[in-house]
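The structure appears right after this line, and notes come after that.
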Amino acid sequence: MAPRTVTRDQLAGAARAALGGGRRLKELDRLAGGTRKGVYRLTMDDATTAIAYLWEASENYWPETQWGEDDADPFTPGYGLDLFEAARTRLDALGLRVPELYLVDRDRTHYPADIAILEDFPGEDLMDFLARDPRAAEPTMARLADGLEAMRSYRAPAYGSVALVDGGGRSRGTSCEAVALEFGLRCLVDAAARDPRAESARDQLEERLHMLAASVRPRAEYSVVHGELGLDHVMVDRKGRPVIIDIEDLMYFDVEWEHVFFRIRLHGDYPRVAVDGLDEDRLALYMLIQRLSLTAGPLRLLESDFPRKDFMRDIAEHNLSEALAWITDPTSPARTACCARGCWTRG
C-alpha cells in the first residue's frame with residue numbers, strides 16, 4: 001500500500017505539543033526509505049527540527065504473507081509504538097544512545113494513528129561519515145563497538161522480542177536455532193514462489209539448511225540483538241556519539257545473528273566491530289538464512305507500491321546468488337561474502 005499524503009496541518013498540533021515554546025510547524029518532509037512506518041521530519045518556524053514516527057496501515061508497504069503475524073515469533077517484523085518504547089527502554093538501560101522522546105500519543109489525541117515525536121539528527125549517518133572520513137569516524141565507531149559489547153554481554157532469561165520477554169511473555173519454539181531454521185524455510189518458500197532459480201534449487205537449499213542446523217550444538221545465552229544494524233541505522237550526534245535508530249525489531253537472541261548481519265552490511269569495515277568467541281556453526285546457519293531472507297523480502301516488496309524497485313531487485317539478485325553458492329560451491333568465499341547492499345531501509 002502506498003503512503004497517503006500527510007499534511008502539515010495534520011501534524012501541527014502534535015508538533016506544538018512536542019516542541020512547544022510558541023513554535024509553529026513550518027515544513028513537513030517525508031523521509032525516503034521507510035517501509036513499515038511513516039518517518040517525517042518536522043521543521044519549526046525557528047528552524048528547530050524533530051522526527052515523527054507514524055504507525056498506520058497506509059504507511060506500510062509490505063504485502064501480507066501466508067504466514068501471518070505472531071508476536072511469539074521472534075521473526076515477525078517489528079511494528080508499533082509498544083515495540084519501539086520497549087526497545088528504547090532496554091537500549092537506554094544498557095547505556096546506548098537512543099533518540100530522546102518528546103511526545104508519545106497512543107490515545108490518538110493529535111493524529112488518527114499511534115505516533116511518536118523524537119529527537120532529530122539531520123546530519124549524515126555513520127555509514128556516510130565513515131565513508132567520507134574514516135579517521136574522524138574512528139571515535140564514533142569505537143563507541144559503537146562499546147555499545148555492542150554491552151548488548152552482547154547482557155543475558156536475557158529467554159529469546160524473543162524485547163517487548164514480549166520484558167513483558168513476561170514467551171516465544172514459541174525450542175531454541176534460537178530452531179526458530180531461525182523455521183524462518184529460513186519460510187523465506188525459501190517465499191523466494192521459490194517468486195523466482196524460478198530459487199524454485200529449482202529449493203530441495204537442495206532445504207537440505208543444506210537442515211544439515212547446517214544439525215551441526216549447531218545446544219546453547220541458551222540470549223543477548224540483545226538489533227537485527228538490522230547497518231551503519232545507516234546509526235546516526236551521529238553533535239558530540240560524535242552513535243545513536244541507534246529503527247529499533248522495533250530489537251530482540252533477545254544469539255549474538256551470531258547480529259554478527260552475520262554485520263558481515264553482510266559492513267563489508268571491509270566488519271573488523272571494527274568483530275569479536276572473538278562466536279559459534280562458527282551458528283554463523284554458517286544464520287548466514288544462509290539471512291541470504292534467503294534478503295532474497296524473499298525484496299521480492300515481496302516488488303509486488304507492492306514501494307518506489308525503489310530497481311534497488312529492491314538488485315538486493316534480491318545479489319543475495320539469491322549468494323544463497324545459491326552454498327549448493328553450487330559450498331566451499332566458496334561466497335558463503336561469507338559481504339555486500340553493503342544487504343539491507344535497504346530505515347524503518
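Ordered as shown in the C-alpha cells, chains take letters A, B, and onward, while each chain numbers its residues from 1 and ligands are numbered from 1 in the order shown.
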
Quick one: residues within 12 Å of Asp146 (chain A), only C-alpha atoms counted, chain neighbours fewer than 4 positions away excluded, as a PDB file with all heavy atoms, in the first residue's frame?
```pdb
ATOM      1  N   LEU A  94      21.053  -0.044  28.922  1.00  0.00           N
ATOM      2  CA  LEU A  94      22.385  -0.596  28.658  1.00  0.00           C
ATOM      3  C   LEU A  94      23.420   0.487  28.377  1.00  0.00           C
ATOM      4  O   LEU A  94      24.592   0.175  28.159  1.00  0.00           O
ATOM      5  CB  LEU A  94      22.323  -1.562  27.475  1.00  0.00           C
ATOM      6  CG  LEU A  94      21.591  -2.880  27.725  1.00  0.00           C
ATOM      7  CD1 LEU A  94      21.465  -3.673  26.442  1.00  0.00           C
ATOM      8  CD2 LEU A  94      22.317  -3.702  28.794  1.00  0.00           C
ATOM      9  N   GLY A  95      22.991   1.750  28.371  1.00  0.00           N
ATOM     10  CA  GLY A  95      23.916   2.853  28.169  1.00  0.00           C
ATOM     11  C   GLY A  95      24.118   3.257  26.730  1.00  0.00           C
ATOM     12  O   GLY A  95      25.004   4.070  26.441  1.00  0.00           O
ATOM     13  N   LEU A  96      23.295   2.720  25.813  1.00  0.00           N
ATOM     14  CA  LEU A  96      23.423   3.130  24.418  1.00  0.00           C
ATOM     15  C   LEU A  96      22.630   4.402  24.185  1.00  0.00           C
ATOM     16  O   LEU A  96      21.599   4.638  24.809  1.00  0.00           O
ATOM     17  CB  LEU A  96      22.941   2.027  23.477  1.00  0.00           C
ATOM     18  CG  LEU A  96      23.951   0.891  23.264  1.00  0.00           C
ATOM     19  CD1 LEU A  96      23.844  -0.160  24.347  1.00  0.00           C
ATOM     20  CD2 LEU A  96      23.802   0.259  21.896  1.00  0.00           C
ATOM     21  N   ARG A  97      23.110   5.219  23.281  1.00  0.00           N
ATOM     22  CA  ARG A  97      22.431   6.474  22.940  1.00  0.00           C
ATOM     23  C   ARG A  97      21.284   6.171  21.996  1.00  0.00           C
ATOM     24  O   ARG A  97      21.457   5.538  20.945  1.00  0.00           O
ATOM     25  CB  ARG A  97      23.443   7.407  22.276  1.00  0.00           C
ATOM     26  CG  ARG A  97      22.870   8.744  21.803  1.00  0.00           C
ATOM     27  CD  ARG A  97      22.797   9.773  22.900  1.00  0.00           C
ATOM     28  NE  ARG A  97      22.736  11.120  22.343  1.00  0.00           N
ATOM     29  CZ  ARG A  97      21.610  11.754  22.014  1.00  0.00           C
ATOM     30  NH1 ARG A  97      20.442  11.155  22.155  1.00  0.00           N
ATOM     31  NH2 ARG A  97      21.659  12.985  21.526  1.00  0.00           N
ATOM     32  N   PRO A 139      36.506   7.486  16.538  1.00  0.00           N
ATOM     33  CA  PRO A 139      35.960   7.525  17.904  1.00  0.00           C
ATOM     34  C   PRO A 139      34.496   7.101  17.966  1.00  0.00           C
ATOM     35  O   PRO A 139      34.077   6.445  18.927  1.00  0.00           O
ATOM     36  CB  PRO A 139      36.137   8.998  18.307  1.00  0.00           C
ATOM     37  CG  PRO A 139      37.256   9.502  17.448  1.00  0.00           C
ATOM     38  CD  PRO A 139      37.088   8.792  16.138  1.00  0.00           C
ATOM     39  N   THR A 140      33.716   7.464  16.947  1.00  0.00           N
ATOM     40  CA  THR A 140      32.314   7.066  16.922  1.00  0.00           C
ATOM     41  C   THR A 140      32.194   5.558  16.754  1.00  0.00           C
ATOM     42  O   THR A 140      31.365   4.905  17.415  1.00  0.00           O
ATOM     43  CB  THR A 140      31.572   7.789  15.786  1.00  0.00           C
ATOM     44  OG1 THR A 140      31.767   9.196  15.913  1.00  0.00           O
ATOM     45  CG2 THR A 140      30.077   7.492  15.827  1.00  0.00           C
ATOM     46  N   MET A 141      33.006   4.991  15.885  1.00  0.00           N
ATOM     47  CA  MET A 141      32.996   3.539  15.708  1.00  0.00           C
ATOM     48  C   MET A 141      33.422   2.826  16.986  1.00  0.00           C
ATOM     49  O   MET A 141      32.849   1.778  17.342  1.00  0.00           O
ATOM     50  CB  MET A 141      33.912   3.144  14.551  1.00  0.00           C
ATOM     51  CG  MET A 141      33.378   3.476  13.164  1.00  0.00           C
ATOM     52  SD  MET A 141      31.854   2.585  12.746  1.00  0.00           S
ATOM     53  CE  MET A 141      32.386   0.874  12.848  1.00  0.00           C
ATOM     54  N   ALA A 142      34.393   3.385  17.691  1.00  0.00           N
ATOM     55  CA  ALA A 142      34.841   2.772  18.942  1.00  0.00           C
ATOM     56  C   ALA A 142      33.718   2.795  19.979  1.00  0.00           C
ATOM     57  O   ALA A 142      33.508   1.822  20.717  1.00  0.00           O
ATOM     58  CB  ALA A 142      36.074   3.499  19.468  1.00  0.00           C
ATOM     59  N   ALA A 150      28.113  -4.097  25.238  1.00  0.00           N
ATOM     60  CA  ALA A 150      27.100  -4.080  26.299  1.00  0.00           C
ATOM     61  C   ALA A 150      25.889  -4.901  25.890  1.00  0.00           C
ATOM     62  O   ALA A 150      25.309  -5.627  26.718  1.00  0.00           O
ATOM     63  CB  ALA A 150      26.699  -2.640  26.614  1.00  0.00           C
ATOM     64  N   MET A 151      25.481  -4.813  24.635  1.00  0.00           N
ATOM     65  CA  MET A 151      24.367  -5.613  24.144  1.00  0.00           C
ATOM     66  C   MET A 151      24.713  -7.096  24.160  1.00  0.00           C
ATOM     67  O   MET A 151      23.903  -7.940  24.549  1.00  0.00           O
ATOM     68  CB  MET A 151      23.991  -5.172  22.731  1.00  0.00           C
ATOM     69  CG  MET A 151      23.420  -3.767  22.637  1.00  0.00           C
ATOM     70  SD  MET A 151      23.298  -3.126  20.933  1.00  0.00           S
ATOM     71  CE  MET A 151      22.099  -4.260  20.211  1.00  0.00           C
ATOM     72  N   ARG A 152      25.928  -7.429  23.750  1.00  0.00           N
ATOM     73  CA  ARG A 152      26.345  -8.828  23.690  1.00  0.00           C
ATOM     74  C   ARG A 152      26.461  -9.437  25.082  1.00  0.00           C
ATOM     75  O   ARG A 152      26.142 -10.611  25.288  1.00  0.00           O
ATOM     76  CB  ARG A 152      27.686  -8.930  22.959  1.00  0.00           C
ATOM     77  CG  ARG A 152      28.206 -10.360  22.810  1.00  0.00           C
ATOM     78  CD  ARG A 152      29.401 -10.421  21.899  1.00  0.00           C
ATOM     79  NE  ARG A 152      30.624  -9.998  22.541  1.00  0.00           N
ATOM     80  CZ  ARG A 152      31.660 -10.794  22.831  1.00  0.00           C
ATOM     81  NH1 ARG A 152      31.587 -12.085  22.555  1.00  0.00           N
ATOM     82  NH2 ARG A 152      32.741 -10.319  23.374  1.00  0.00           N
ATOM     83  N   SER A 153      26.893  -8.641  26.052  1.00  0.00           N
ATOM     84  CA  SER A 153      27.146  -9.159  27.394  1.00  0.00           C
ATOM     85  C   SER A 153      25.869  -9.348  28.207  1.00  0.00           C
ATOM     86  O   SER A 153      25.859 -10.110  29.180  1.00  0.00           O
ATOM     87  CB  SER A 153      28.083  -8.213  28.152  1.00  0.00           C
ATOM     88  OG  SER A 153      29.332  -8.116  27.483  1.00  0.00           O
ATOM     89  N   ARG A 241      28.698  10.931  19.251  1.00  0.00           N
ATOM     90  CA  ARG A 241      28.234   9.657  19.797  1.00  0.00           C
ATOM     91  C   ARG A 241      27.306   8.955  18.812  1.00  0.00           C
ATOM     92  O   ARG A 241      26.486   9.612  18.161  1.00  0.00           O
ATOM     93  CB  ARG A 241      27.507   9.881  21.123  1.00  0.00           C
ATOM     94  CG  ARG A 241      28.384  10.412  22.234  1.00  0.00           C
ATOM     95  CD  ARG A 241      27.568  10.730  23.478  1.00  0.00           C
ATOM     96  NE  ARG A 241      26.611  11.800  23.228  1.00  0.00           N
ATOM     97  CZ  ARG A 241      25.821  12.333  24.166  1.00  0.00           C
ATOM     98  NH1 ARG A 241      25.875  11.871  25.399  1.00  0.00           N
ATOM     99  NH2 ARG A 241      24.982  13.305  23.857  1.00  0.00           N
ATOM    100  N   PRO A 242      27.412   7.625  18.705  1.00  0.00           N
ATOM    101  CA  PRO A 242      26.495   6.887  17.835  1.00  0.00           C
ATOM    102  C   PRO A 242      25.109   6.823  18.468  1.00  0.00           C
ATOM    103  O   PRO A 242      24.973   6.650  19.682  1.00  0.00           O
ATOM    104  CB  PRO A 242      27.124   5.498  17.746  1.00  0.00           C
ATOM    105  CG  PRO A 242      27.910   5.363  19.017  1.00  0.00           C
ATOM    106  CD  PRO A 242      28.392   6.748  19.364  1.00  0.00           C
ATOM    107  N   ARG A 272      36.053  -3.729  12.506  1.00  0.00           N
ATOM    108  CA  ARG A 272      35.898  -2.694  13.533  1.00  0.00           C
ATOM    109  C   ARG A 272      34.944  -3.117  14.646  1.00  0.00           C
ATOM    110  O   ARG A 272      34.996  -2.557  15.748  1.00  0.00           O
ATOM    111  CB  ARG A 272      35.394  -1.395  12.891  1.00  0.00           C
ATOM    112  CG  ARG A 272      36.359  -0.764  11.883  1.00  0.00           C
ATOM    113  CD  ARG A 272      35.697   0.430  11.213  1.00  0.00           C
ATOM    114  NE  ARG A 272      36.544   1.051  10.204  1.00  0.00           N
ATOM    115  CZ  ARG A 272      37.382   2.077  10.447  1.00  0.00           C
ATOM    116  NH1 ARG A 272      37.458   2.579  11.664  1.00  0.00           N
ATOM    117  NH2 ARG A 272      38.111   2.582   9.472  1.00  0.00           N
ATOM    118  N   VAL A 273      34.047  -4.058  14.363  1.00  0.00           N
ATOM    119  CA  VAL A 273      33.090  -4.494  15.383  1.00  0.00           C
ATOM    120  C   VAL A 273      33.191  -5.998  15.650  1.00  0.00           C
ATOM    121  O   VAL A 273      32.404  -6.538  16.433  1.00  0.00           O
ATOM    122  CB  VAL A 273      31.647  -4.138  14.980  1.00  0.00           C
ATOM    123  CG1 VAL A 273      31.485  -2.632  14.844  1.00  0.00           C
ATOM    124  CG2 VAL A 273      31.235  -4.828  13.676  1.00  0.00           C
ATOM    125  N   ALA A 274      34.130  -6.670  15.019  1.00  0.00           N
ATOM    126  CA  ALA A 274      34.269  -8.118  15.179  1.00  0.00           C
ATOM    127  C   ALA A 274      34.662  -8.457  16.619  1.00  0.00           C
ATOM    128  O   ALA A 274      35.316  -7.681  17.313  1.00  0.00           O
ATOM    129  CB  ALA A 274      35.308  -8.655  14.204  1.00  0.00           C
ATOM    130  N   VAL A 275      34.237  -9.643  17.053  1.00  0.00           N
ATOM    131  CA  VAL A 275      34.578 -10.124  18.392  1.00  0.00           C
ATOM    132  C   VAL A 275      35.014 -11.580  18.287  1.00  0.00           C
ATOM    133  O   VAL A 275      34.709 -12.278  17.314  1.00  0.00           O
ATOM    134  CB  VAL A 275      33.382 -10.007  19.365  1.00  0.00           C
ATOM    135  CG1 VAL A 275      33.019  -8.548  19.587  1.00  0.00           C
ATOM    136  CG2 VAL A 275      32.180 -10.796  18.863  1.00  0.00           C
TER     137      VAL A 275
END
```

Region 42-264 of chain A: residues DSSP assigns to strand (DSSP E or B), reported as a ChimeraX atom specification
/A:42-44,49-55,101-105,114-119,125,156,160-161,222-225,234-236,242-244,251-253

Listing only residues of region 35-132 of chain A within 12 Å of region 182-200 of chain A, what is the closest atom pair and its distance in Å (to one decimal) for each, using only C-alpha atoms, sorted by chain and residue number ascending, as JSON lines?
```
{"residue": "A:Glu64", "atom": "CA", "partner": "A:Asp190", "partner_atom": "CA", "distance": 11.7}
{"residue": "A:Thr65", "atom": "CA", "partner": "A:Asp190", "partner_atom": "CA", "distance": 8.7}
{"residue": "A:Gln66", "atom": "CA", "partner": "A:Asp190", "partner_atom": "CA", "distance": 9.2}
{"residue": "A:Trp67", "atom": "CA", "partner": "A:Arg186", "partner_atom": "CA", "distance": 8.1}
{"residue": "A:Gly68", "atom": "CA", "partner": "A:Arg186", "partner_atom": "CA", "distance": 11.4}
{"residue": "A:Asp73", "atom": "CA", "partner": "A:Phe183", "partner_atom": "CA", "distance": 9.1}
{"residue": "A:Pro74", "atom": "CA", "partner": "A:Phe183", "partner_atom": "CA", "distance": 9.2}
{"residue": "A:Phe75", "atom": "CA", "partner": "A:Phe183", "partner_atom": "CA", "distance": 6.9}
{"residue": "A:Thr76", "atom": "CA", "partner": "A:Phe183", "partner_atom": "CA", "distance": 9.4}
{"residue": "A:Pro77", "atom": "CA", "partner": "A:Phe183", "partner_atom": "CA", "distance": 11.6}
```

Output all heavy atoms for every residue in the selection just made, as an mmCIF file, in the first residue's frame.
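File written: result-v1.cif
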```
data_model
loop_
_atom_site.group_PDB
_atom_site.id
_atom_site.type_symbol
_atom_site.label_atom_id
_atom_site.label_comp_id
_atom_site.auth_asym_id
_atom_site.auth_seq_id
_atom_site.Cartn_x
_atom_site.Cartn_y
_atom_site.Cartn_z
ATOM 1 N N GLU A 64 0.820 -8.687 2.755
ATOM 2 C CA GLU A 64 0.612 -9.743 3.734
ATOM 3 C C GLU A 64 1.189 -11.054 3.208
ATOM 4 O O GLU A 64 1.301 -11.278 2.012
ATOM 5 C CB GLU A 64 -0.879 -9.905 4.026
ATOM 6 C CG GLU A 64 -1.501 -8.706 4.723
ATOM 7 C CD GLU A 64 -2.950 -8.950 5.085
ATOM 8 O OE1 GLU A 64 -3.436 -10.081 4.848
ATOM 9 O OE2 GLU A 64 -3.593 -8.021 5.595
ATOM 10 N N THR A 65 1.560 -11.919 4.151
ATOM 11 C CA THR A 65 2.092 -13.226 3.769
ATOM 12 C C THR A 65 1.159 -14.320 4.264
ATOM 13 O O THR A 65 0.295 -14.102 5.105
ATOM 14 C CB THR A 65 3.490 -13.466 4.378
ATOM 15 O OG1 THR A 65 3.348 -13.659 5.796
ATOM 16 C CG2 THR A 65 4.405 -12.290 4.115
ATOM 17 N N GLN A 66 1.378 -15.516 3.748
ATOM 18 C CA GLN A 66 0.582 -16.657 4.179
ATOM 19 C C GLN A 66 0.892 -17.052 5.610
ATOM 20 O O GLN A 66 0.135 -17.796 6.244
ATOM 21 C CB GLN A 66 0.855 -17.849 3.258
ATOM 22 C CG GLN A 66 2.320 -18.304 3.254
ATOM 23 C CD GLN A 66 2.549 -19.497 2.356
ATOM 24 O OE1 GLN A 66 1.915 -20.541 2.523
ATOM 25 N NE2 GLN A 66 3.439 -19.364 1.376
ATOM 26 N N TRP A 67 2.024 -16.533 6.146
ATOM 27 C CA TRP A 67 2.444 -16.941 7.475
ATOM 28 C C TRP A 67 1.759 -16.127 8.572
ATOM 29 O O TRP A 67 1.755 -16.527 9.727
ATOM 30 C CB TRP A 67 3.962 -16.802 7.610
ATOM 31 C CG TRP A 67 4.699 -17.290 6.408
ATOM 32 C CD1 TRP A 67 5.377 -16.540 5.502
ATOM 33 C CD2 TRP A 67 4.814 -18.640 5.960
ATOM 34 N NE1 TRP A 67 5.914 -17.331 4.511
ATOM 35 C CE2 TRP A 67 5.589 -18.629 4.773
ATOM 36 C CE3 TRP A 67 4.351 -19.861 6.441
ATOM 37 C CZ2 TRP A 67 5.894 -19.779 4.073
ATOM 38 C CZ3 TRP A 67 4.660 -21.009 5.736
ATOM 39 C CH2 TRP A 67 5.419 -20.965 4.570
ATOM 40 N N GLY A 68 1.205 -14.979 8.199
ATOM 41 C CA GLY A 68 0.569 -14.144 9.198
ATOM 42 C C GLY A 68 1.592 -13.501 10.121
ATOM 43 O O GLY A 68 2.800 -13.528 9.877
ATOM 44 N N ASP A 73 6.572 -15.116 17.653
ATOM 45 C CA ASP A 73 7.594 -15.479 16.661
ATOM 46 C C ASP A 73 8.647 -14.378 16.638
ATOM 47 O O ASP A 73 8.341 -13.237 16.291
ATOM 48 C CB ASP A 73 6.939 -15.622 15.287
ATOM 49 C CG ASP A 73 7.936 -15.971 14.194
ATOM 50 O OD1 ASP A 73 9.157 -16.050 14.478
ATOM 51 O OD2 ASP A 73 7.499 -16.142 13.042
ATOM 52 N N PRO A 74 9.898 -14.683 16.998
ATOM 53 C CA PRO A 74 10.931 -13.638 17.010
ATOM 54 C C PRO A 74 11.140 -12.970 15.658
ATOM 55 O O PRO A 74 11.682 -11.862 15.602
ATOM 56 C CB PRO A 74 12.195 -14.401 17.439
ATOM 57 C CG PRO A 74 11.700 -15.607 18.153
ATOM 58 C CD PRO A 74 10.414 -15.981 17.472
ATOM 59 N N PHE A 75 10.711 -13.617 14.584
ATOM 60 C CA PHE A 75 10.940 -13.069 13.247
ATOM 61 C C PHE A 75 9.711 -12.406 12.646
ATOM 62 O O PHE A 75 9.737 -12.016 11.474
ATOM 63 C CB PHE A 75 11.495 -14.154 12.331
ATOM 64 C CG PHE A 75 12.843 -14.643 12.767
ATOM 65 C CD1 PHE A 75 12.968 -15.847 13.426
ATOM 66 C CD2 PHE A 75 13.968 -13.864 12.580
ATOM 67 C CE1 PHE A 75 14.213 -16.285 13.873
ATOM 68 C CE2 PHE A 75 15.218 -14.288 13.013
ATOM 69 C CZ PHE A 75 15.337 -15.504 13.670
ATOM 70 N N THR A 76 8.657 -12.244 13.438
ATOM 71 C CA THR A 76 7.572 -11.380 12.994
ATOM 72 C C THR A 76 8.097 -9.950 12.967
ATOM 73 O O THR A 76 8.642 -9.476 13.970
ATOM 74 C CB THR A 76 6.363 -11.476 13.939
ATOM 75 O OG1 THR A 76 5.721 -12.734 13.751
ATOM 76 C CG2 THR A 76 5.352 -10.375 13.641
ATOM 77 N N PRO A 77 8.005 -9.245 11.848
ATOM 78 C CA PRO A 77 8.604 -7.907 11.756
ATOM 79 C C PRO A 77 8.068 -6.966 12.826
ATOM 80 O O PRO A 77 6.877 -6.941 13.129
ATOM 81 C CB PRO A 77 8.195 -7.431 10.354
ATOM 82 C CG PRO A 77 7.926 -8.686 9.593
ATOM 83 C CD PRO A 77 7.373 -9.653 10.592
#
```

When DSSP is applied to the backbone of this structure, which of region 115-226 of chain A are assigned helix (DSSP H, G or I)? Write them out as a count of residues only.
67

What is the CA of Ala32 (chain A) to CA of Asp232 (chain A) distance in Å?
12.6 Å

Counting only C-alpha atoms, which residues of region 42-97 of chain A sit at most 6 Å from some atom of region 112-124 of chain A, and what is each one's closest atom pair with its distance in Å to one decimal, listed by chain and rising residue number, as a tab-separated table?
```
residue	atom	partner	partner_atom	distance
A:Ala50	CA	A:Asp120	CA	4.6
A:Ile51	CA	A:Leu118	CA	5.3
A:Ala52	CA	A:Ile117	CA	4.4
A:Tyr53	CA	A:Ala116	CA	5.2
A:Leu54	CA	A:Ile115	CA	4.7
A:Trp55	CA	A:Asp114	CA	5.6
A:Glu56	CA	A:Ala113	CA	5.8
```

I need the chosen residues saved as a PDB file, in the first residue's frame, with N, CA and C atoms.
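Saved result, selection.pdb, follows:
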```pdb
ATOM      1  N   ALA A  50      12.535  17.975  14.407  1.00  0.00           N
ATOM      2  CA  ALA A  50      12.257  16.730  15.123  1.00  0.00           C
ATOM      3  C   ALA A  50      11.804  15.705  14.104  1.00  0.00           C
ATOM      4  N   ILE A  51      11.716  14.450  14.531  1.00  0.00           N
ATOM      5  CA  ILE A  51      11.264  13.355  13.681  1.00  0.00           C
ATOM      6  C   ILE A  51       9.945  12.822  14.222  1.00  0.00           C
ATOM      7  N   ALA A  52       8.996  12.601  13.331  1.00  0.00           N
ATOM      8  CA  ALA A  52       7.727  11.980  13.704  1.00  0.00           C
ATOM      9  C   ALA A  52       7.653  10.581  13.105  1.00  0.00           C
ATOM     10  N   TYR A  53       7.329   9.604  13.950  1.00  0.00           N
ATOM     11  CA  TYR A  53       7.037   8.249  13.501  1.00  0.00           C
ATOM     12  C   TYR A  53       5.528   8.067  13.507  1.00  0.00           C
ATOM     13  N   LEU A  54       4.999   7.541  12.407  1.00  0.00           N
ATOM     14  CA  LEU A  54       3.568   7.266  12.298  1.00  0.00           C
ATOM     15  C   LEU A  54       3.387   5.784  11.997  1.00  0.00           C
ATOM     16  N   TRP A  55       2.687   5.110  12.899  1.00  0.00           N
ATOM     17  CA  TRP A  55       2.404   3.687  12.675  1.00  0.00           C
ATOM     18  C   TRP A  55       0.949   3.538  12.240  1.00  0.00           C
ATOM     19  N   GLU A  56       0.738   3.466  10.945  1.00  0.00           N
ATOM     20  CA  GLU A  56      -0.600   3.250  10.418  1.00  0.00           C
ATOM     21  C   GLU A  56      -0.502   2.439   9.139  1.00  0.00           C
TER      22      GLU A  56
END
```

Measuring atom to atom with only C-alpha atoms, identify which of A:Glu27, A:Tyr154, A:Ala14, A:Gly21 is nearest to Arg108 (chain A).
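Selected residue with least distance to Arg108 (chain A): A:Ala14.
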
Best match for closeness to Asp305 (chain A) among A:Tyr111, A:Ala131, A:Asn60, A:Val260, counting only C-alpha atoms:
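Closest residue, counting only C-alpha atoms: A:Asn60.
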
One decimal, in Å: what's the spacing between CA of Leu288 (chain A) and CA of Ala323 (chain A)?
6.0 Å

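If only C-alpha atoms are the atoms counted, then among A:Leu229, A:Leu283, A:Met44, A:Cys176 the closest residue to Leu11 (chain A) is A:Met44.
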
Who sits within 10 Å of Asp9 (chain A), only C-alpha atoms, same chain under 6 positions skipped, as a compact mmCIF listing (two decimals) with N, CA and C atoms, in the first residue's frame:
```
# COMPACT_ATOMS: atom_id res chain seq x y z
N ALA A 15 3.20 18.55 16.73
CA ALA A 15 4.48 19.25 16.76
C ALA A 15 4.48 20.31 17.85
N LEU A 25 4.75 24.69 13.31
CA LEU A 25 5.29 23.80 12.28
C LEU A 25 5.31 24.53 10.95
N LYS A 26 6.51 24.63 10.37
CA LYS A 26 6.68 25.34 9.11
C LYS A 26 6.74 24.38 7.93
N GLU A 27 7.49 23.27 8.07
CA GLU A 27 7.67 22.34 6.96
C GLU A 27 7.52 20.91 7.45
N LEU A 28 7.02 20.06 6.56
CA LEU A 28 6.86 18.64 6.84
C LEU A 28 7.41 17.87 5.65
```

Which residue of A:Val165, A:Leu91, A:Val224, A:Leu42 approaches Thr7 (chain A) most closely, using only C-alpha atoms
A:Leu42

Which one of A:Asp276, A:Glu221, A:Asp203, A:Glu258 sits closest to Ile327 (chain A) if you count only C-alpha atoms?
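Of A:Asp276, A:Glu221, A:Asp203, A:Glu258, the one nearest Ile327 (chain A), counting only C-alpha atoms, is A:Asp203.
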
Which one is closest to Val225 (chain A): A:Leu292, A:Met211, A:Leu148, A:Leu181? Count only C-alpha atoms.
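With only C-alpha atoms as the atom set, the closest residue is A:Leu148.
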
Excluding Gly22 (chain A) and residues on its chain fewer than 5 positions from it, collect all residues at most 10 Å away from it, counting only C-alpha atoms, and give them as a ChimeraX atom specification.
/A:16-17,44-46

Just to be explicit: take each residue in the selection above, keep N, CA and C atoms, and write the result as a tab-separated table (two decimals), in the first residue's frame.
```
chain	number	residue	atom	x	y	z
A	16	ARG	N	3.38	21.04	17.98
A	16	ARG	CA	3.26	22.07	19.01
A	16	ARG	C	3.34	21.45	20.41
A	17	ALA	N	2.64	20.33	20.59
A	17	ALA	CA	2.64	19.67	21.89
A	17	ALA	C	4.02	19.11	22.24
A	44	MET	N	10.30	23.49	12.48
A	44	MET	CA	9.50	24.56	13.08
A	44	MET	C	9.92	25.92	12.53
A	45	ASP	N	9.17	26.95	12.89
A	45	ASP	CA	9.45	28.28	12.33
A	45	ASP	C	10.72	28.91	12.89
A	46	ASP	N	11.32	28.31	13.93
A	46	ASP	CA	12.62	28.80	14.42
A	46	ASP	C	13.75	27.87	14.02
```
